[in-house]
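Novice: Please find one structure pasted underneath; my questions will follow.
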Amino acid sequence: MNKGVPDFYELQRRTLLNDPFKMQLAGKKYPASFIAYDIIYYKDKLVTDLPLIERKKLLEKTVNEMDRFAISRYIETNGKALYQVAEQQKLEGIVAKDKNSKYWFDKKSRDWIKIKYMKDEDFVVCGYILKENNMTSLIIAQYNEENELIYKGHVTLGVSLRKLNQYKYKKASNPPIKYVPSGSGNEDAVWIEPTLVCTVEYMPNDRGSLRQPVLKGIREDKSPTECRE
């Protein structure tokens with residue numbers, strides 16, 4: 001938790017730590033919390049065939065909540081209103097579940113549906129990176145108040161060089177972006193003049209980075225200078 005809000009970025013970062021000292025520091029800065037959302041066994045009996053709503057009741061009987069150990073809350077009505085609150089708080093989204101559903105091990109089911117909070121935004125295409133397995137990443141940016149292009153990262157899902165080549169663009173000898181961070185394949189980038197605008201769908205966060213970005217398409221009805229931070 002970060003300031004009382006789940007922080008998926010911090011969780012991912014923590015899972016990659018292997019230095020005991022850094023793990024200890026991270027644990028003190030952002031103590032991890034465990035949220036129980038379901039129950040598999042009750043009194044040594046498998047209860048996965050019970051309806052979800054019954055398992056929830058068993059979970060409430062079993063778990064003694066404390067500072068870092070809690071039960072996932074749920075509501076049976078007003079799901080749209082709950083999503084709107086999650087959107088306002090910039091949370092991951094919500095999960096809708098059939099209250100009569102069973103628990104399936106290692107299996108996805110339509111009984112549980114993730115409804116993520118996603119945002120659409122327009123960016124300037126400033127280059128691309130050719131990757132393995134015929135994959136391509138676009139390097140994207142936006143203009144700041146000084147009319148400088150500011151690096152915003154990459155988008156790979158939904159991108160193909162074949163689709164990009166359907167649009168007119170010119171290669172550039174130097175990056176059109178003011179500052180390009182090292183790494184992430186940027187040293188192998190093919191830079192282009194900033195004339196193309198693309199729409200990207202992503203999960204917003206308070207760090208300004210794009211989580212799970214997906215290219216929705218190239219826009220020909222918008223000027224690159226309209227893409228601003």
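Ligands are numbered from 1 in the order shown, chains are lettered A, B, ... in the order of the structure tokens, and residues start at 1 in each chain.
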Would you mind listing what lies within 12 Å of Met118 in chain A as an NGL selection string, with only C-alpha atoms counted and same-chain residues fewer than 3 positions away left out?
Specialist: :A and (83 or 86-88 or 90-94 or 114-115 or 121 or 200-205 or 210-214)
Novice: Residues of the last selection are to be written out with N, CA, C and O atoms, as a JSON list (two decimals), in the first residue's frame.
Specialist:
```json
[["chain", "number", "residue", "atom", "x", "y", "z"],
["A", 83, "TYR", "N", -17.38, 1.08, -9.98],
["A", 83, "TYR", "CA", -16.35, 1.32, -11.01],
["A", 83, "TYR", "C", -16.03, 2.82, -11.10],
["A", 83, "TYR", "O", -14.86, 3.20, -11.24],
["A", 86, "ALA", "N", -13.73, 3.72, -8.38],
["A", 86, "ALA", "CA", -12.38, 3.21, -8.68],
["A", 86, "ALA", "C", -11.69, 4.10, -9.71],
["A", 86, "ALA", "O", -10.49, 4.38, -9.61],
["A", 87, "GLU", "N", -12.45, 4.57, -10.69],
["A", 87, "GLU", "CA", -11.90, 5.45, -11.72],
["A", 87, "GLU", "C", -11.48, 6.78, -11.10],
["A", 87, "GLU", "O", -10.40, 7.30, -11.40],
["A", 88, "GLN", "N", -12.31, 7.35, -10.23],
["A", 88, "GLN", "CA", -11.98, 8.62, -9.58],
["A", 88, "GLN", "C", -10.71, 8.50, -8.73],
["A", 88, "GLN", "O", -9.92, 9.43, -8.66],
["A", 90, "LYS", "N", -8.31, 6.46, -9.33],
["A", 90, "LYS", "CA", -7.25, 5.97, -10.22],
["A", 90, "LYS", "C", -6.72, 4.60, -9.76],
["A", 90, "LYS", "O", -5.51, 4.35, -9.73],
["A", 91, "LEU", "N", -7.66, 3.74, -9.39],
["A", 91, "LEU", "CA", -7.31, 2.38, -9.02],
["A", 91, "LEU", "C", -7.25, 1.50, -10.26],
["A", 91, "LEU", "O", -7.59, 1.93, -11.37],
["A", 92, "GLU", "N", -6.83, 0.25, -10.09],
["A", 92, "GLU", "CA", -6.70, -0.68, -11.22],
["A", 92, "GLU", "C", -8.02, -0.89, -11.95],
["A", 92, "GLU", "O", -8.06, -1.07, -13.15],
["A", 93, "GLY", "N", -9.11, -0.88, -11.21],
["A", 93, "GLY", "CA", -10.42, -1.18, -11.76],
["A", 93, "GLY", "C", -11.17, -2.06, -10.78],
["A", 93, "GLY", "O", -10.91, -2.01, -9.57],
["A", 94, "ILE", "N", -12.09, -2.86, -11.27],
["A", 94, "ILE", "CA", -12.85, -3.75, -10.40],
["A", 94, "ILE", "C", -12.92, -5.14, -11.05],
["A", 94, "ILE", "O", -12.59, -5.30, -12.23],
["A", 114, "LYS", "N", -12.42, -9.03, -15.28],
["A", 114, "LYS", "CA", -11.70, -7.83, -14.88],
["A", 114, "LYS", "C", -12.21, -6.64, -15.71],
["A", 114, "LYS", "O", -12.31, -6.72, -16.92],
["A", 115, "ILE", "N", -12.53, -5.57, -15.03],
["A", 115, "ILE", "CA", -12.97, -4.34, -15.70],
["A", 115, "ILE", "C", -11.96, -3.27, -15.33],
["A", 115, "ILE", "O", -12.03, -2.67, -14.25],
["A", 121, "GLU", "N", -5.12, 8.49, -24.86],
["A", 121, "GLU", "CA", -4.41, 9.75, -24.98],
["A", 121, "GLU", "C", -3.63, 9.76, -26.29],
["A", 121, "GLU", "O", -3.25, 8.71, -26.81],
["A", 200, "VAL", "N", -3.09, 6.06, -27.87],
["A", 200, "VAL", "CA", -2.65, 4.93, -27.04],
["A", 200, "VAL", "C", -3.62, 4.77, -25.87],
["A", 200, "VAL", "O", -3.98, 5.75, -25.22],
["A", 201, "GLU", "N", -4.02, 3.53, -25.64],
["A", 201, "GLU", "CA", -4.83, 3.21, -24.47],
["A", 201, "GLU", "C", -3.91, 2.63, -23.41],
["A", 201, "GLU", "O", -3.08, 1.76, -23.70],
["A", 202, "TYR", "N", -4.05, 3.08, -22.16],
["A", 202, "TYR", "CA", -3.15, 2.61, -21.11],
["A", 202, "TYR", "C", -3.82, 2.77, -19.74],
["A", 202, "TYR", "O", -4.85, 3.43, -19.59],
["A", 203, "MET", "N", -3.20, 2.15, -18.74],
["A", 203, "MET", "CA", -3.64, 2.30, -17.37],
["A", 203, "MET", "C", -2.84, 3.43, -16.72],
["A", 203, "MET", "O", -1.61, 3.33, -16.60],
["A", 204, "PRO", "N", -3.49, 4.51, -16.34],
["A", 204, "PRO", "CA", -2.75, 5.65, -15.75],
["A", 204, "PRO", "C", -2.27, 5.35, -14.35],
["A", 204, "PRO", "O", -2.80, 4.49, -13.65],
["A", 205, "ASN", "N", -1.23, 6.07, -13.92],
["A", 205, "ASN", "CA", -0.74, 5.99, -12.54],
["A", 205, "ASN", "C", -0.14, 7.33, -12.17],
["A", 205, "ASN", "O", 0.02, 8.22, -13.01],
["A", 210, "LEU", "N", 3.31, 4.94, -18.65],
["A", 210, "LEU", "CA", 2.18, 4.27, -19.28],
["A", 210, "LEU", "C", 2.22, 2.79, -18.93],
["A", 210, "LEU", "O", 3.15, 2.08, -19.31],
["A", 211, "ARG", "N", 1.21, 2.31, -18.25],
["A", 211, "ARG", "CA", 1.12, 0.90, -17.89],
["A", 211, "ARG", "C", 0.27, 0.17, -18.91],
["A", 211, "ARG", "O", -0.81, 0.61, -19.27],
["A", 212, "GLN", "N", 0.78, -0.96, -19.39],
["A", 212, "GLN", "CA", 0.07, -1.81, -20.33],
["A", 212, "GLN", "C", -0.45, -1.01, -21.53],
["A", 212, "GLN", "O", -1.62, -1.09, -21.89],
["A", 213, "PRO", "N", 0.41, -0.22, -22.20],
["A", 213, "PRO", "CA", -0.05, 0.59, -23.32],
["A", 213, "PRO", "C", -0.38, -0.26, -24.55],
["A", 213, "PRO", "O", 0.30, -1.25, -24.83],
["A", 214, "VAL", "N", -1.41, 0.16, -25.25],
["A", 214, "VAL", "CA", -1.83, -0.52, -26.49],
["A", 214, "VAL", "C", -2.10, 0.55, -27.54],
["A", 214, "VAL", "O", -2.82, 1.51, -27.28]]
```
Novice: Quote the spacing between CA of Lys131 in chain A and CA of Lys222 in chain A in Å to one decimal place.
Specialist: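 Going from CA of Lys131 in chain A over to CA of Lys222 in chain A covers 28.5 Å.
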Novice: Need the shell around range 167-173 of chain A: protein/DNA/RNA residues with any atom at most 9 Å away, counting only C-alpha atoms. Skip same-chain ones fewer than 6 positions apart. Format as a short mmCIF file (atom, residue, chain, number, x, y, z; two decimals) with all heavy atoms, in the first residue's frame?
Specialist:
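Below is the file out.cif, written as the result:
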```
data_model
loop_
_atom_site.label_atom_id
_atom_site.label_comp_id
_atom_site.auth_asym_id
_atom_site.auth_seq_id
_atom_site.Cartn_x
_atom_site.Cartn_y
_atom_site.Cartn_z
N GLY A 127 9.78 7.71 -33.35
CA GLY A 127 10.70 6.69 -33.82
C GLY A 127 10.14 5.31 -33.58
O GLY A 127 9.05 5.15 -33.02
N VAL A 190 15.14 3.79 -34.75
CA VAL A 190 15.08 4.49 -36.04
C VAL A 190 14.23 5.73 -35.80
O VAL A 190 13.03 5.63 -35.51
CB VAL A 190 14.44 3.61 -37.14
CG1 VAL A 190 14.33 4.40 -38.44
CG2 VAL A 190 15.24 2.33 -37.34
N TRP A 191 14.85 6.89 -35.86
CA TRP A 191 14.14 8.12 -35.55
C TRP A 191 13.42 8.66 -36.78
O TRP A 191 13.92 8.51 -37.90
CB TRP A 191 15.11 9.17 -35.00
CG TRP A 191 15.79 8.72 -33.75
CD1 TRP A 191 17.06 8.30 -33.60
CD2 TRP A 191 15.19 8.60 -32.45
NE1 TRP A 191 17.33 7.93 -32.32
CE2 TRP A 191 16.18 8.11 -31.57
CE3 TRP A 191 13.91 8.88 -31.94
CZ2 TRP A 191 15.93 7.87 -30.23
CZ3 TRP A 191 13.66 8.66 -30.60
CH2 TRP A 191 14.66 8.16 -29.76
N ILE A 192 12.27 9.25 -36.54
CA ILE A 192 11.51 9.83 -37.66
C ILE A 192 11.09 11.25 -37.30
O ILE A 192 11.06 11.63 -36.12
CB ILE A 192 10.28 8.98 -38.02
CG1 ILE A 192 9.25 9.00 -36.87
CG2 ILE A 192 10.68 7.55 -38.34
CD1 ILE A 192 7.95 8.26 -37.20
N GLU A 193 10.78 12.03 -38.32
CA GLU A 193 10.31 13.39 -38.08
C GLU A 193 8.95 13.33 -37.39
O GLU A 193 8.12 12.47 -37.72
CB GLU A 193 10.23 14.16 -39.39
CG GLU A 193 11.60 14.40 -40.02
CD GLU A 193 11.52 15.21 -41.31
OE1 GLU A 193 10.40 15.67 -41.65
OE2 GLU A 193 12.56 15.39 -41.98
N PRO A 194 8.69 14.21 -36.43
CA PRO A 194 7.47 14.14 -35.61
C PRO A 194 6.23 14.66 -36.33
O PRO A 194 5.70 15.73 -36.00
CB PRO A 194 7.83 15.00 -34.40
CG PRO A 194 8.79 16.02 -34.94
CD PRO A 194 9.60 15.30 -36.00
N THR A 195 5.76 13.88 -37.28
CA THR A 195 4.59 14.29 -38.06
C THR A 195 3.37 13.40 -37.85
O THR A 195 2.27 13.75 -38.29
CB THR A 195 4.94 14.30 -39.56
OG1 THR A 195 5.39 12.99 -39.95
CG2 THR A 195 6.03 15.32 -39.88
N LEU A 196 3.56 12.26 -37.19
CA LEU A 196 2.46 11.33 -36.99
C LEU A 196 1.94 11.41 -35.56
O LEU A 196 2.72 11.52 -34.61
CB LEU A 196 2.90 9.88 -37.28
CG LEU A 196 3.33 9.56 -38.72
CD1 LEU A 196 3.75 8.10 -38.81
CD2 LEU A 196 2.20 9.85 -39.71
N ILE A 218 -3.42 5.33 -35.70
CA ILE A 218 -2.80 6.59 -36.11
C ILE A 218 -3.90 7.59 -36.45
O ILE A 218 -4.85 7.25 -37.15
CB ILE A 218 -1.87 6.40 -37.33
CG1 ILE A 218 -0.76 5.39 -37.01
CG2 ILE A 218 -1.26 7.74 -37.77
CD1 ILE A 218 0.23 5.83 -35.98
#
```
Novice: With distances taken over only C-alpha atoms, which residue among A:Ile140, A:Leu11, A:Met23, A:Leu50 lies nearest Cys198 in chain A?
Specialist: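 Of A:Ile140, A:Leu11, A:Met23, A:Leu50, the one nearest Cys198 in chain A is A:Ile140, counting only C-alpha atoms.
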Novice: What does the distance from CA of Val159 in chain A to CA of Val197 in chain A come to in Å, to one decimal?
Specialist: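 Computing the Euclidean distance for CA of Val159 in chain A and CA of Val197 in chain A yields 13.5 Å.
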Novice: Once DSSP has gone over the backbone, tell me which residues of range 6-181 of chain A are in strand (DSSP E or B), as a VMD selection string.
Specialist: chain A and resid 34 to 36 41 to 42 45 to 46 66 69 to 71 93 to 97 112 to 116 119 to 130 136 to 143 149 to 155 157 171
Novice: Any chance you can output those residues with C-alpha atoms as a PDB file, in the first residue's frame?
Specialist:
```
ATOM      1  CA  PHE A  34      -2.285  -9.416   2.377  1.00  0.00           C
ATOM      2  CA  ILE A  35      -5.880  -9.283   1.152  1.00  0.00           C
ATOM      3  CA  ALA A  36      -7.745 -12.617   1.157  1.00  0.00           C
ATOM      4  CA  TYR A  41     -10.207 -25.216   2.210  1.00  0.00           C
ATOM      5  CA  TYR A  42     -12.399 -24.965   5.297  1.00  0.00           C
ATOM      6  CA  LYS A  45     -12.361 -29.891   3.416  1.00  0.00           C
ATOM      7  CA  LEU A  46     -12.117 -28.646  -0.168  1.00  0.00           C
ATOM      8  CA  MET A  66      -5.576  -7.122  11.589  1.00  0.00           C
ATOM      9  CA  PHE A  69      -4.197  -8.808   6.910  1.00  0.00           C
ATOM     10  CA  ALA A  70      -7.712  -8.181   5.611  1.00  0.00           C
ATOM     11  CA  ILE A  71     -10.612  -9.589   3.600  1.00  0.00           C
ATOM     12  CA  GLY A  93     -10.417  -1.182 -11.761  1.00  0.00           C
ATOM     13  CA  ILE A  94     -12.850  -3.752 -10.404  1.00  0.00           C
ATOM     14  CA  VAL A  95     -13.574  -7.474 -10.778  1.00  0.00           C
ATOM     15  CA  ALA A  96     -17.127  -8.645 -11.438  1.00  0.00           C
ATOM     16  CA  LYS A  97     -17.892 -12.198 -10.304  1.00  0.00           C
ATOM     17  CA  TRP A 112     -14.841 -13.625 -13.190  1.00  0.00           C
ATOM     18  CA  ILE A 113     -14.321 -10.529 -15.360  1.00  0.00           C
ATOM     19  CA  LYS A 114     -11.697  -7.827 -14.883  1.00  0.00           C
ATOM     20  CA  ILE A 115     -12.968  -4.338 -15.704  1.00  0.00           C
ATOM     21  CA  LYS A 116      -9.866  -2.173 -15.882  1.00  0.00           C
ATOM     22  CA  LYS A 119      -7.385   5.956 -20.541  1.00  0.00           C
ATOM     23  CA  ASP A 120      -6.970   7.090 -24.160  1.00  0.00           C
ATOM     24  CA  GLU A 121      -4.408   9.754 -24.976  1.00  0.00           C
ATOM     25  CA  ASP A 122      -2.702  11.098 -28.090  1.00  0.00           C
ATOM     26  CA  PHE A 123       1.081  11.122 -28.588  1.00  0.00           C
ATOM     27  CA  VAL A 124       3.594  12.082 -31.257  1.00  0.00           C
ATOM     28  CA  VAL A 125       5.405   9.186 -32.933  1.00  0.00           C
ATOM     29  CA  CYS A 126       9.124  10.000 -32.849  1.00  0.00           C
ATOM     30  CA  GLY A 127      10.705   6.689 -33.817  1.00  0.00           C
ATOM     31  CA  TYR A 128      10.485   2.938 -33.742  1.00  0.00           C
ATOM     32  CA  ILE A 129      12.551  -0.008 -32.542  1.00  0.00           C
ATOM     33  CA  LEU A 130      12.692  -3.336 -34.369  1.00  0.00           C
ATOM     34  CA  THR A 136       8.032  -3.282 -33.303  1.00  0.00           C
ATOM     35  CA  SER A 137       7.862  -0.635 -30.573  1.00  0.00           C
ATOM     36  CA  LEU A 138       6.942   2.983 -31.196  1.00  0.00           C
ATOM     37  CA  ILE A 139       8.753   5.711 -29.279  1.00  0.00           C
ATOM     38  CA  ILE A 140       6.215   8.343 -28.285  1.00  0.00           C
ATOM     39  CA  ALA A 141       6.346  11.864 -26.874  1.00  0.00           C
ATOM     40  CA  GLN A 142       4.279  14.957 -26.095  1.00  0.00           C
ATOM     41  CA  TYR A 143       4.995  18.680 -26.278  1.00  0.00           C
ATOM     42  CA  LEU A 149       9.023  17.053 -27.268  1.00  0.00           C
ATOM     43  CA  ILE A 150       9.220  15.133 -24.002  1.00  0.00           C
ATOM     44  CA  TYR A 151       9.844  11.380 -24.024  1.00  0.00           C
ATOM     45  CA  LYS A 152       6.855   9.335 -22.814  1.00  0.00           C
ATOM     46  CA  GLY A 153       8.056   5.790 -23.420  1.00  0.00           C
ATOM     47  CA  HIS A 154       7.226   2.939 -25.801  1.00  0.00           C
ATOM     48  CA  VAL A 155       4.122   1.182 -27.034  1.00  0.00           C
ATOM     49  CA  LEU A 157       1.040  -4.016 -28.402  1.00  0.00           C
ATOM     50  CA  LYS A 171      13.442   9.281 -41.159  1.00  0.00           C
TER      51      LYS A 171
END
```
Novice: In Å to one decimal, how far is CA of Arg68 in chain A from CA of Pro20 in chain A?
Specialist: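 Going from CA of Pro20 in chain A over to CA of Arg68 in chain A, I get 20.8 Å.
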Novice: Any idea what's packed within 10 Å of range 25-28 of chain A, counting only C-alpha atoms, ignoring anything in its chain fewer than 3 positions away? Could you give it as a list in words?
Specialist: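 Result of the neighbour search: Glu10, Arg13, Arg14, Leu17, Pro20, Phe21, Lys22, Pro31 and Ala32 of chain A.
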Novice: The selected residues should be written to file as an mmCIF file, in the first residue's frame (atoms: all heavy atoms).
Specialist:
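The file below, again_22.cif, is the result:
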```cif
data_model
loop_
_atom_site.group_PDB
_atom_site.id
_atom_site.type_symbol
_atom_site.label_atom_id
_atom_site.label_comp_id
_atom_site.auth_asym_id
_atom_site.auth_seq_id
_atom_site.Cartn_x
_atom_site.Cartn_y
_atom_site.Cartn_z
ATOM 1 N N GLU A 10 4.871 -0.778 -7.314
ATOM 2 C CA GLU A 10 5.754 -1.092 -6.195
ATOM 3 C C GLU A 10 5.770 -2.591 -5.924
ATOM 4 O O GLU A 10 6.809 -3.167 -5.587
ATOM 5 C CB GLU A 10 5.303 -0.330 -4.948
ATOM 6 C CG GLU A 10 6.219 -0.497 -3.761
ATOM 7 C CD GLU A 10 7.608 0.066 -3.981
ATOM 8 O OE1 GLU A 10 7.753 1.000 -4.802
ATOM 9 O OE2 GLU A 10 8.567 -0.441 -3.350
ATOM 10 N N ARG A 13 8.033 -4.171 -8.487
ATOM 11 C CA ARG A 13 9.433 -3.859 -8.172
ATOM 12 C C ARG A 13 9.921 -4.715 -7.008
ATOM 13 O O ARG A 13 11.046 -5.208 -7.022
ATOM 14 C CB ARG A 13 9.553 -2.368 -7.835
ATOM 15 C CG ARG A 13 10.984 -1.841 -7.833
ATOM 16 C CD ARG A 13 11.018 -0.400 -7.423
ATOM 17 N NE ARG A 13 10.752 -0.262 -6.000
ATOM 18 C CZ ARG A 13 11.673 -0.406 -5.050
ATOM 19 N NH1 ARG A 13 12.916 -0.726 -5.378
ATOM 20 N NH2 ARG A 13 11.359 -0.259 -3.782
ATOM 21 N N ARG A 14 9.073 -4.899 -6.006
ATOM 22 C CA ARG A 14 9.459 -5.678 -4.831
ATOM 23 C C ARG A 14 9.717 -7.140 -5.188
ATOM 24 O O ARG A 14 10.581 -7.789 -4.596
ATOM 25 C CB ARG A 14 8.350 -5.592 -3.767
ATOM 26 C CG ARG A 14 8.226 -4.249 -3.084
ATOM 27 C CD ARG A 14 9.166 -4.115 -1.911
ATOM 28 N NE ARG A 14 8.807 -4.988 -0.822
ATOM 29 C CZ ARG A 14 7.897 -4.710 0.106
ATOM 30 N NH1 ARG A 14 7.253 -3.558 0.068
ATOM 31 N NH2 ARG A 14 7.646 -5.564 1.074
ATOM 32 N N LEU A 17 13.333 -7.848 -6.188
ATOM 33 C CA LEU A 17 14.427 -7.631 -5.241
ATOM 34 C C LEU A 17 14.954 -8.959 -4.705
ATOM 35 O O LEU A 17 14.185 -9.871 -4.416
ATOM 36 C CB LEU A 17 13.945 -6.776 -4.066
ATOM 37 C CG LEU A 17 13.538 -5.332 -4.355
ATOM 38 C CD1 LEU A 17 13.049 -4.661 -3.073
ATOM 39 C CD2 LEU A 17 14.700 -4.550 -4.945
ATOM 40 N N PRO A 20 18.848 -8.740 0.567
ATOM 41 C CA PRO A 20 18.140 -8.676 1.861
ATOM 42 C C PRO A 20 18.043 -7.260 2.423
ATOM 43 O O PRO A 20 17.014 -6.895 2.998
ATOM 44 C CB PRO A 20 18.978 -9.583 2.760
ATOM 45 C CG PRO A 20 19.651 -10.534 1.819
ATOM 46 C CD PRO A 20 19.936 -9.736 0.578
ATOM 47 N N PHE A 21 19.094 -6.456 2.258
ATOM 48 C CA PHE A 21 19.084 -5.099 2.799
ATOM 49 C C PHE A 21 18.049 -4.241 2.080
ATOM 50 O O PHE A 21 17.267 -3.516 2.711
ATOM 51 C CB PHE A 21 20.472 -4.473 2.679
ATOM 52 C CG PHE A 21 20.546 -3.054 3.197
ATOM 53 C CD1 PHE A 21 20.449 -2.798 4.559
ATOM 54 C CD2 PHE A 21 20.694 -1.993 2.318
ATOM 55 C CE1 PHE A 21 20.497 -1.493 5.044
ATOM 56 C CE2 PHE A 21 20.741 -0.695 2.788
ATOM 57 C CZ PHE A 21 20.646 -0.441 4.148
ATOM 58 N N LYS A 22 18.014 -4.330 0.732
ATOM 59 C CA LYS A 22 17.033 -3.554 -0.040
ATOM 60 C C LYS A 22 15.610 -4.029 0.245
ATOM 61 O O LYS A 22 14.677 -3.227 0.287
ATOM 62 C CB LYS A 22 17.338 -3.661 -1.535
ATOM 63 C CG LYS A 22 18.614 -2.955 -1.952
ATOM 64 C CD LYS A 22 18.829 -3.055 -3.456
ATOM 65 C CE LYS A 22 20.088 -2.304 -3.871
ATOM 66 N NZ LYS A 22 20.334 -2.399 -5.342
ATOM 67 N N PRO A 31 5.166 -1.196 3.729
ATOM 68 C CA PRO A 31 4.860 -2.532 4.263
ATOM 69 C C PRO A 31 3.790 -3.220 3.416
ATOM 70 O O PRO A 31 2.787 -2.604 3.052
ATOM 71 C CB PRO A 31 4.337 -2.228 5.676
ATOM 72 C CG PRO A 31 4.870 -0.871 6.003
ATOM 73 C CD PRO A 31 4.926 -0.131 4.709
ATOM 74 N N ALA A 32 4.017 -4.486 3.101
ATOM 75 C CA ALA A 32 3.081 -5.230 2.267
ATOM 76 C C ALA A 32 1.856 -5.647 3.087
ATOM 77 O O ALA A 32 1.955 -5.921 4.282
ATOM 78 C CB ALA A 32 3.760 -6.464 1.677
#
```
